[in-house]
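S.K.: Below is the file coords_33.pdb, with PDB, C-alpha atoms.
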MODEL        1
ATOM      1  CA  MET A   1      91.698  99.497  64.829  1.00  0.00           C
ATOM      2  CA  SER A   2      92.206  96.087  66.350  1.00  0.00           C
ATOM      3  CA  ALA A   3      89.640  93.362  65.659  1.00  0.00           C
ATOM      4  CA  LYS A   4      89.737  92.136  69.284  1.00  0.00           C
ATOM      5  CA  THR A   5      88.820  93.954  72.447  1.00  0.00           C
ATOM      6  CA  TYR A   6      91.507  93.513  75.067  1.00  0.00           C
ATOM      7  CA  LYS A   7      90.933  93.185  78.782  1.00  0.00           C
ATOM      8  CA  LEU A   8      92.423  96.058  80.805  1.00  0.00           C
ATOM      9  CA  LEU A   9      94.248  95.112  84.019  1.00  0.00           C
ATOM     10  CA  LEU A  10      95.985  97.550  86.359  1.00  0.00           C
ATOM     11  CA  HIS A  11      98.877  96.832  88.695  1.00  0.00           C
ATOM     12  CA  ARG A  12      97.715  97.369  92.287  1.00  0.00           C
ATOM     13  CA  GLU A  13     100.095 100.293  92.692  1.00  0.00           C
ATOM     14  CA  ALA A  14      98.920 101.852  89.403  1.00  0.00           C
ATOM     15  CA  VAL A  15      95.460 102.338  90.904  1.00  0.00           C
ATOM     16  CA  SER A  16      96.832 104.392  93.806  1.00  0.00           C
ATOM     17  CA  GLU A  17      99.147 106.320  91.467  1.00  0.00           C
ATOM     18  CA  ILE A  18      96.184 107.326  89.310  1.00  0.00           C
ATOM     19  CA  ARG A  19      94.196 108.427  92.368  1.00  0.00           C
ATOM     20  CA  ALA A  20      97.127 110.600  93.509  1.00  0.00           C
ATOM     21  CA  LEU A  21      97.372 112.497  90.202  1.00  0.00           C
ATOM     22  CA  PRO A  22      96.164 116.089  89.862  1.00  0.00           C
ATOM     23  CA  LYS A  23      92.473 116.135  88.914  1.00  0.00           C
ATOM     24  CA  LYS A  24      93.007 117.410  85.361  1.00  0.00           C
ATOM     25  CA  ILE A  25      95.712 114.831  84.580  1.00  0.00           C
ATOM     26  CA  ARG A  26      93.690 112.059  86.234  1.00  0.00           C
ATOM     27  CA  GLY A  27      90.810 112.715  83.836  1.00  0.00           C
ATOM     28  CA  GLN A  28      93.147 112.658  80.835  1.00  0.00           C
ATOM     29  CA  VAL A  29      94.768 109.415  82.005  1.00  0.00           C
ATOM     30  CA  ARG A  30      91.368 107.768  82.491  1.00  0.00           C
ATOM     31  CA  SER A  31      90.367 108.848  78.995  1.00  0.00           C
ATOM     32  CA  VAL A  32      93.479 107.203  77.540  1.00  0.00           C
ATOM     33  CA  LEU A  33      92.942 104.050  79.618  1.00  0.00           C
ATOM     34  CA  ASP A  34      89.321 103.803  78.440  1.00  0.00           C
ATOM     35  CA  GLY A  35      90.548 103.623  74.838  1.00  0.00           C
ATOM     36  CA  LEU A  36      93.279 101.002  75.351  1.00  0.00           C
ATOM     37  CA  PRO A  37      91.049  97.885  75.297  1.00  0.00           C
ATOM     38  CA  ALA A  38      89.781  98.754  71.811  1.00  0.00           C
ATOM     39  CA  GLU A  39      93.113 100.066  70.478  1.00  0.00           C
ATOM     40  CA  PRO A  40      96.134  98.939  72.540  1.00  0.00           C
ATOM     41  CA  ARG A  41      98.612 100.575  70.144  1.00  0.00           C
ATOM     42  CA  PRO A  42      97.207 104.073  69.505  1.00  0.00           C
ATOM     43  CA  PRO A  43      99.240 106.450  67.307  1.00  0.00           C
ATOM     44  CA  GLN A  44     100.611 108.362  70.315  1.00  0.00           C
ATOM     45  CA  SER A  45     102.027 105.209  71.946  1.00  0.00           C
ATOM     46  CA  GLU A  46     105.705 104.342  71.692  1.00  0.00           C
ATOM     47  CA  ARG A  47     107.378 100.985  72.170  1.00  0.00           C
ATOM     48  CA  LEU A  48     109.908 100.832  75.017  1.00  0.00           C
ATOM     49  CA  LYS A  49     113.311  99.262  74.666  1.00  0.00           C
ATOM     50  CA  GLY A  50     114.496  96.769  77.243  1.00  0.00           C
ATOM     51  CA  ARG A  51     111.120  95.295  78.175  1.00  0.00           C
ATOM     52  CA  ARG A  52     109.286  93.014  75.798  1.00  0.00           C
ATOM     53  CA  GLY A  53     105.833  94.214  74.788  1.00  0.00           C
ATOM     54  CA  ALA A  54     106.067  97.436  76.823  1.00  0.00           C
ATOM     55  CA  TYR A  55     104.693 100.751  75.597  1.00  0.00           C
ATOM     56  CA  ARG A  56     104.287 104.269  76.907  1.00  0.00           C
ATOM     57  CA  ILE A  57     101.819 107.043  76.309  1.00  0.00           C
ATOM     58  CA  ARG A  58     102.533 110.654  77.228  1.00  0.00           C
ATOM     59  CA  VAL A  59      99.887 112.610  79.113  1.00  0.00           C
ATOM     60  CA  GLY A  60     101.386 116.029  79.775  1.00  0.00           C
ATOM     61  CA  ASN A  61     104.426 115.509  82.009  1.00  0.00           C
ATOM     62  CA  TYR A  62     103.192 112.063  83.040  1.00  0.00           C
ATOM     63  CA  ARG A  63     103.678 108.689  81.399  1.00  0.00           C
ATOM     64  CA  ILE A  64     101.456 105.628  81.307  1.00  0.00           C
ATOM     65  CA  ILE A  65     103.564 102.480  81.080  1.00  0.00           C
ATOM     66  CA  TYR A  66     101.817  99.309  79.974  1.00  0.00           C
ATOM     67  CA  GLU A  67     102.374  95.909  78.394  1.00  0.00           C
ATOM     68  CA  ILE A  68     100.374  94.148  75.730  1.00  0.00           C
ATOM     69  CA  HIS A  69      99.929  90.397  76.137  1.00  0.00           C
ATOM     70  CA  ALA A  70      98.431  89.410  72.778  1.00  0.00           C
ATOM     71  CA  THR A  71      98.107  85.703  73.515  1.00  0.00           C
ATOM     72  CA  GLU A  72      96.011  86.449  76.608  1.00  0.00           C
ATOM     73  CA  ILE A  73      94.284  89.469  74.992  1.00  0.00           C
ATOM     74  CA  VAL A  74      95.288  91.664  77.947  1.00  0.00           C
ATOM     75  CA  VAL A  75      96.592  95.218  78.312  1.00  0.00           C
ATOM     76  CA  TYR A  76      98.404  95.378  81.657  1.00  0.00           C
ATOM     77  CA  VAL A  77      99.004  98.885  83.033  1.00  0.00           C
ATOM     78  CA  ILE A  78     102.213  98.836  85.053  1.00  0.00           C
ATOM     79  CA  GLY A  79     101.865 102.357  86.376  1.00  0.00           C
ATOM     80  CA  VAL A  80     101.581 106.094  85.886  1.00  0.00           C
ATOM     81  CA  ALA A  81     104.269 108.502  87.042  1.00  0.00           C
ATOM     82  CA  HIS A  82     105.910 111.834  86.347  1.00  0.00           C
ATOM     83  CA  ARG A  83     108.400 111.734  83.506  1.00  0.00           C
ATOM     84  CA  LYS A  84     111.349 112.344  85.882  1.00  0.00           C
ATOM     85  CA  GLU A  85     110.800 109.105  87.777  1.00  0.00           C
ATOM     86  CA  VAL A  86     108.774 106.862  85.509  1.00  0.00           C
ATOM     87  CA  TYR A  87     111.516 104.791  83.911  1.00  0.00           C
ATOM     88  CA  SER A  88     113.670 104.233  86.981  1.00  0.00           C
ATOM     89  CA  ARG A  89     110.719 103.276  89.175  1.00  0.00           C
ATOM     90  CA  LEU A  90     108.100 101.565  87.048  1.00  0.00           C
ATOM     91  CA  LEU A  91     110.127  99.420  84.696  1.00  0.00           C
ATOM     92  CA  ARG A  92     111.314  97.318  87.638  1.00  0.00           C
ATOM     93  CA  ARG A  93     107.756  96.250  88.480  1.00  0.00           C
ATOM     94  CA  LYS A  94     106.535  92.788  87.623  1.00  0.00           C
TER      95      LYS A  94
ENDMDL
END
Rewrite the coordinates I just gave you, this time as structure tokens.
M.R.:
Amino acid sequence: MSAKTYKLLLHREAVSEIRALPKKIRGQVRSVLDGLPAEPRPPQSERLKGRRGAYRIRVGNYRIIYEIHATEIVVYVIGVAHRKEVYSRLLRRK
């Protein structure tokens, strides 16, 4: 477990994406997000290639894409999307 507690920030579009999820998945995603400030690199997370500091966590057929900014002690959630569209759509976000 990490010694620091990170601040969790969500991209403005990530908030609406989470609200649009099916109720069951939305609850699972919120559970994962609640744990990220204490442990930004949980065992189920995987580092993404092509974007520095980016990780993903699988939640059923959905993916949570986020970045860890260690110098600022921030976990920045880029978005949540179905696995078919997540990489083409979300990795272009700033």
S.K.: Evaluate the PyMOL selection byres ((chain A and resi 37-44) around 7) against this structure - the residues, as a PyMOL selection string, please.
M.R.: chain A and resi 1-2+5-8+34-36+45-46+57+75
S.K.: Using only C-alpha atoms, can you tell me which of A:Ile78, A:Ala14, A:Val32, A:Ile25 comes closest to Tyr62 (chain A)?
M.R.: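 Under the stated criterion, the closest residue is A:Ile25.
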S.K.: Measure the distance from CA of Tyr76 (chain A) to CA of Leu10 (chain A) in Å and round it to one decimal.
M.R.: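 These two atoms are separated by 5.7 Å.
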S.K.: Place a sphere of radius 12 Å on (96.8, 108.9, 91.1) in the file coordinates and name every protein, DNA or RNA residue with an atom inside or on its surface, counting all atoms listed in the file; give the answer as a ChimeraX atom specification.
M.R.: /A:12-30,62-64,79-82
S.K.: How far is it from CA of Val86 (chain A) to CA of Asn61 (chain A), in Å with one decimal?
M.R.: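 For CA of Val86 (chain A) relative to CA of Asn61 (chain A), the distance reads 10.3 Å.
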S.K.: CA of Ser88 (chain A) and CA of Val59 (chain A) are how many Å apart?
M.R.: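 The value is 17.9 Å.
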S.K.: Box for region 75-80 of chain A: with edges along x, y and z, all listed atoms inside and 3 Å added on each side, what are the centre and edge lengths in Å to one decimal, as AutoDock Vina command-line options?
M.R.:
--center_x 99.4 --center_y 100.7 --center_z 82.3 --size_x 11.6 --size_y 16.9 --size_z 14.1
S.K.: Using all atoms listed in the file for the distances, tell me which of A:Ser31, A:Arg51, A:Arg58, A:Lys4 is nearest to Val74 (chain A).
M.R.: A:Lys4
S.K.: Tell me which of A:Ala70, A:Leu48, A:Ala54, A:Val77 sits closest to Leu33 (chain A), counting only C-alpha atoms.
M.R.: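 Among A:Ala70, A:Leu48, A:Ala54, A:Val77, it is A:Val77 that comes nearest to Leu33 (chain A).
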S.K.: If I only have part of region 34-66 of chain A, can you fill in N, CA and C atoms and write it as a PDB file, keeping the file's coordinate frame?
M.R.:
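Heads up, here's the output in selection.pdb:
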ATOM      1  N   ASP A  34      90.600 104.283  78.982  1.00  0.00           N
ATOM      2  CA  ASP A  34      89.321 103.803  78.440  1.00  0.00           C
ATOM      3  C   ASP A  34      89.452 103.370  76.985  1.00  0.00           C
ATOM      4  N   GLY A  35      90.375 103.967  76.241  1.00  0.00           N
ATOM      5  CA  GLY A  35      90.548 103.623  74.838  1.00  0.00           C
ATOM      6  C   GLY A  35      91.477 102.453  74.577  1.00  0.00           C
ATOM      7  N   LEU A  36      92.301 102.074  75.560  1.00  0.00           N
ATOM      8  CA  LEU A  36      93.279 101.002  75.351  1.00  0.00           C
ATOM      9  C   LEU A  36      92.686  99.631  75.036  1.00  0.00           C
ATOM     10  N   PRO A  37      91.578  99.211  75.645  1.00  0.00           N
ATOM     11  CA  PRO A  37      91.049  97.885  75.297  1.00  0.00           C
ATOM     12  C   PRO A  37      90.674  97.752  73.815  1.00  0.00           C
ATOM     13  N   ALA A  38      90.168  98.802  73.218  1.00  0.00           N
ATOM     14  CA  ALA A  38      89.781  98.754  71.811  1.00  0.00           C
ATOM     15  C   ALA A  38      90.983  98.943  70.889  1.00  0.00           C
ATOM     16  N   GLU A  39      91.929  99.778  71.291  1.00  0.00           N
ATOM     17  CA  GLU A  39      93.113 100.066  70.478  1.00  0.00           C
ATOM     18  C   GLU A  39      94.348 100.124  71.370  1.00  0.00           C
ATOM     19  N   PRO A  40      95.002  98.965  71.613  1.00  0.00           N
ATOM     20  CA  PRO A  40      96.134  98.939  72.540  1.00  0.00           C
ATOM     21  C   PRO A  40      97.402  99.624  72.015  1.00  0.00           C
ATOM     22  N   ARG A  41      97.452  99.889  70.722  1.00  0.00           N
ATOM     23  CA  ARG A  41      98.612 100.575  70.144  1.00  0.00           C
ATOM     24  C   ARG A  41      98.160 101.845  69.412  1.00  0.00           C
ATOM     25  N   PRO A  42      97.650 102.841  70.164  1.00  0.00           N
ATOM     26  CA  PRO A  42      97.207 104.073  69.505  1.00  0.00           C
ATOM     27  C   PRO A  42      98.398 104.810  68.890  1.00  0.00           C
ATOM     28  N   PRO A  43      98.137 105.739  67.974  1.00  0.00           N
ATOM     29  CA  PRO A  43      99.240 106.450  67.307  1.00  0.00           C
ATOM     30  C   PRO A  43     100.199 107.168  68.254  1.00  0.00           C
ATOM     31  N   GLN A  44      99.733 107.639  69.390  1.00  0.00           N
ATOM     32  CA  GLN A  44     100.611 108.362  70.315  1.00  0.00           C
ATOM     33  C   GLN A  44     101.439 107.447  71.213  1.00  0.00           C
ATOM     34  N   SER A  45     101.246 106.139  71.121  1.00  0.00           N
ATOM     35  CA  SER A  45     102.027 105.209  71.946  1.00  0.00           C
ATOM     36  C   SER A  45     103.386 104.962  71.309  1.00  0.00           C
ATOM     37  N   GLU A  46     104.362 104.672  72.164  1.00  0.00           N
ATOM     38  CA  GLU A  46     105.705 104.342  71.692  1.00  0.00           C
ATOM     39  C   GLU A  46     106.183 103.089  72.392  1.00  0.00           C
ATOM     40  N   ARG A  47     106.820 102.220  71.622  1.00  0.00           N
ATOM     41  CA  ARG A  47     107.378 100.985  72.170  1.00  0.00           C
ATOM     42  C   ARG A  47     108.603 101.320  73.012  1.00  0.00           C
ATOM     43  N   LEU A  48     108.754 100.630  74.141  1.00  0.00           N
ATOM     44  CA  LEU A  48     109.908 100.832  75.017  1.00  0.00           C
ATOM     45  C   LEU A  48     110.972  99.781  74.757  1.00  0.00           C
ATOM     46  N   LYS A  49     112.193 100.201  74.817  1.00  0.00           N
ATOM     47  CA  LYS A  49     113.311  99.262  74.666  1.00  0.00           C
ATOM     48  C   LYS A  49     113.605  98.637  76.020  1.00  0.00           C
ATOM     49  N   GLY A  50     114.063  97.407  76.013  1.00  0.00           N
ATOM     50  CA  GLY A  50     114.496  96.769  77.243  1.00  0.00           C
ATOM     51  C   GLY A  50     113.422  95.990  77.990  1.00  0.00           C
ATOM     52  N   ARG A  51     112.191  96.064  77.532  1.00  0.00           N
ATOM     53  CA  ARG A  51     111.120  95.295  78.175  1.00  0.00           C
ATOM     54  C   ARG A  51     110.157  94.851  77.081  1.00  0.00           C
ATOM     55  N   ARG A  52     110.074  93.579  76.892  1.00  0.00           N
ATOM     56  CA  ARG A  52     109.286  93.014  75.798  1.00  0.00           C
ATOM     57  C   ARG A  52     107.803  93.375  75.918  1.00  0.00           C
ATOM     58  N   GLY A  53     107.249  93.899  74.838  1.00  0.00           N
ATOM     59  CA  GLY A  53     105.833  94.214  74.788  1.00  0.00           C
ATOM     60  C   GLY A  53     105.405  95.440  75.560  1.00  0.00           C
ATOM     61  N   ALA A  54     106.382  96.256  76.012  1.00  0.00           N
ATOM     62  CA  ALA A  54     106.067  97.436  76.823  1.00  0.00           C
ATOM     63  C   ALA A  54     105.922  98.674  75.944  1.00  0.00           C
ATOM     64  N   TYR A  55     104.970  99.512  76.317  1.00  0.00           N
ATOM     65  CA  TYR A  55     104.693 100.751  75.597  1.00  0.00           C
ATOM     66  C   TYR A  55     104.518 101.882  76.603  1.00  0.00           C
ATOM     67  N   ARG A  56     104.576 103.106  76.081  1.00  0.00           N
ATOM     68  CA  ARG A  56     104.287 104.269  76.907  1.00  0.00           C
ATOM     69  C   ARG A  56     103.428 105.237  76.131  1.00  0.00           C
ATOM     70  N   ILE A  57     102.622 105.970  76.874  1.00  0.00           N
ATOM     71  CA  ILE A  57     101.819 107.043  76.309  1.00  0.00           C
ATOM     72  C   ILE A  57     102.053 108.270  77.166  1.00  0.00           C
ATOM     73  N   ARG A  58     102.329 109.386  76.519  1.00  0.00           N
ATOM     74  CA  ARG A  58     102.533 110.654  77.228  1.00  0.00           C
ATOM     75  C   ARG A  58     101.190 111.316  77.504  1.00  0.00           C
ATOM     76  N   VAL A  59     101.045 111.801  78.725  1.00  0.00           N
ATOM     77  CA  VAL A  59      99.887 112.610  79.113  1.00  0.00           C
ATOM     78  C   VAL A  59     100.466 113.797  79.874  1.00  0.00           C
ATOM     79  N   GLY A  60     100.713 114.887  79.163  1.00  0.00           N
ATOM     80  CA  GLY A  60     101.386 116.029  79.775  1.00  0.00           C
ATOM     81  C   GLY A  60     102.781 115.624  80.213  1.00  0.00           C
ATOM     82  N   ASN A  61     103.123 115.897  81.464  1.00  0.00           N
ATOM     83  CA  ASN A  61     104.426 115.509  82.009  1.00  0.00           C
ATOM     84  C   ASN A  61     104.404 114.124  82.639  1.00  0.00           C
ATOM     85  N   TYR A  62     103.334 113.398  82.469  1.00  0.00           N
ATOM     86  CA  TYR A  62     103.192 112.063  83.040  1.00  0.00           C
ATOM     87  C   TYR A  62     103.249 111.012  81.944  1.00  0.00           C
ATOM     88  N   ARG A  63     103.585 109.793  82.341  1.00  0.00           N
ATOM     89  CA  ARG A  63     103.678 108.689  81.399  1.00  0.00           C
ATOM     90  C   ARG A  63     102.867 107.509  81.916  1.00  0.00           C
ATOM     91  N   ILE A  64     102.153 106.872  81.009  1.00  0.00           N
ATOM     92  CA  ILE A  64     101.456 105.628  81.307  1.00  0.00           C
ATOM     93  C   ILE A  64     102.319 104.524  80.708  1.00  0.00           C
ATOM     94  N   ILE A  65     102.755 103.603  81.534  1.00  0.00           N
ATOM     95  CA  ILE A  65     103.564 102.480  81.080  1.00  0.00           C
ATOM     96  C   ILE A  65     102.692 101.235  81.136  1.00  0.00           C
ATOM     97  N   TYR A  66     102.653 100.507  80.019  1.00  0.00           N
ATOM     98  CA  TYR A  66     101.817  99.309  79.974  1.00  0.00           C
ATOM     99  C   TYR A  66     102.415  98.258  79.055  1.00  0.00           C
TER     100      TYR A  66
END
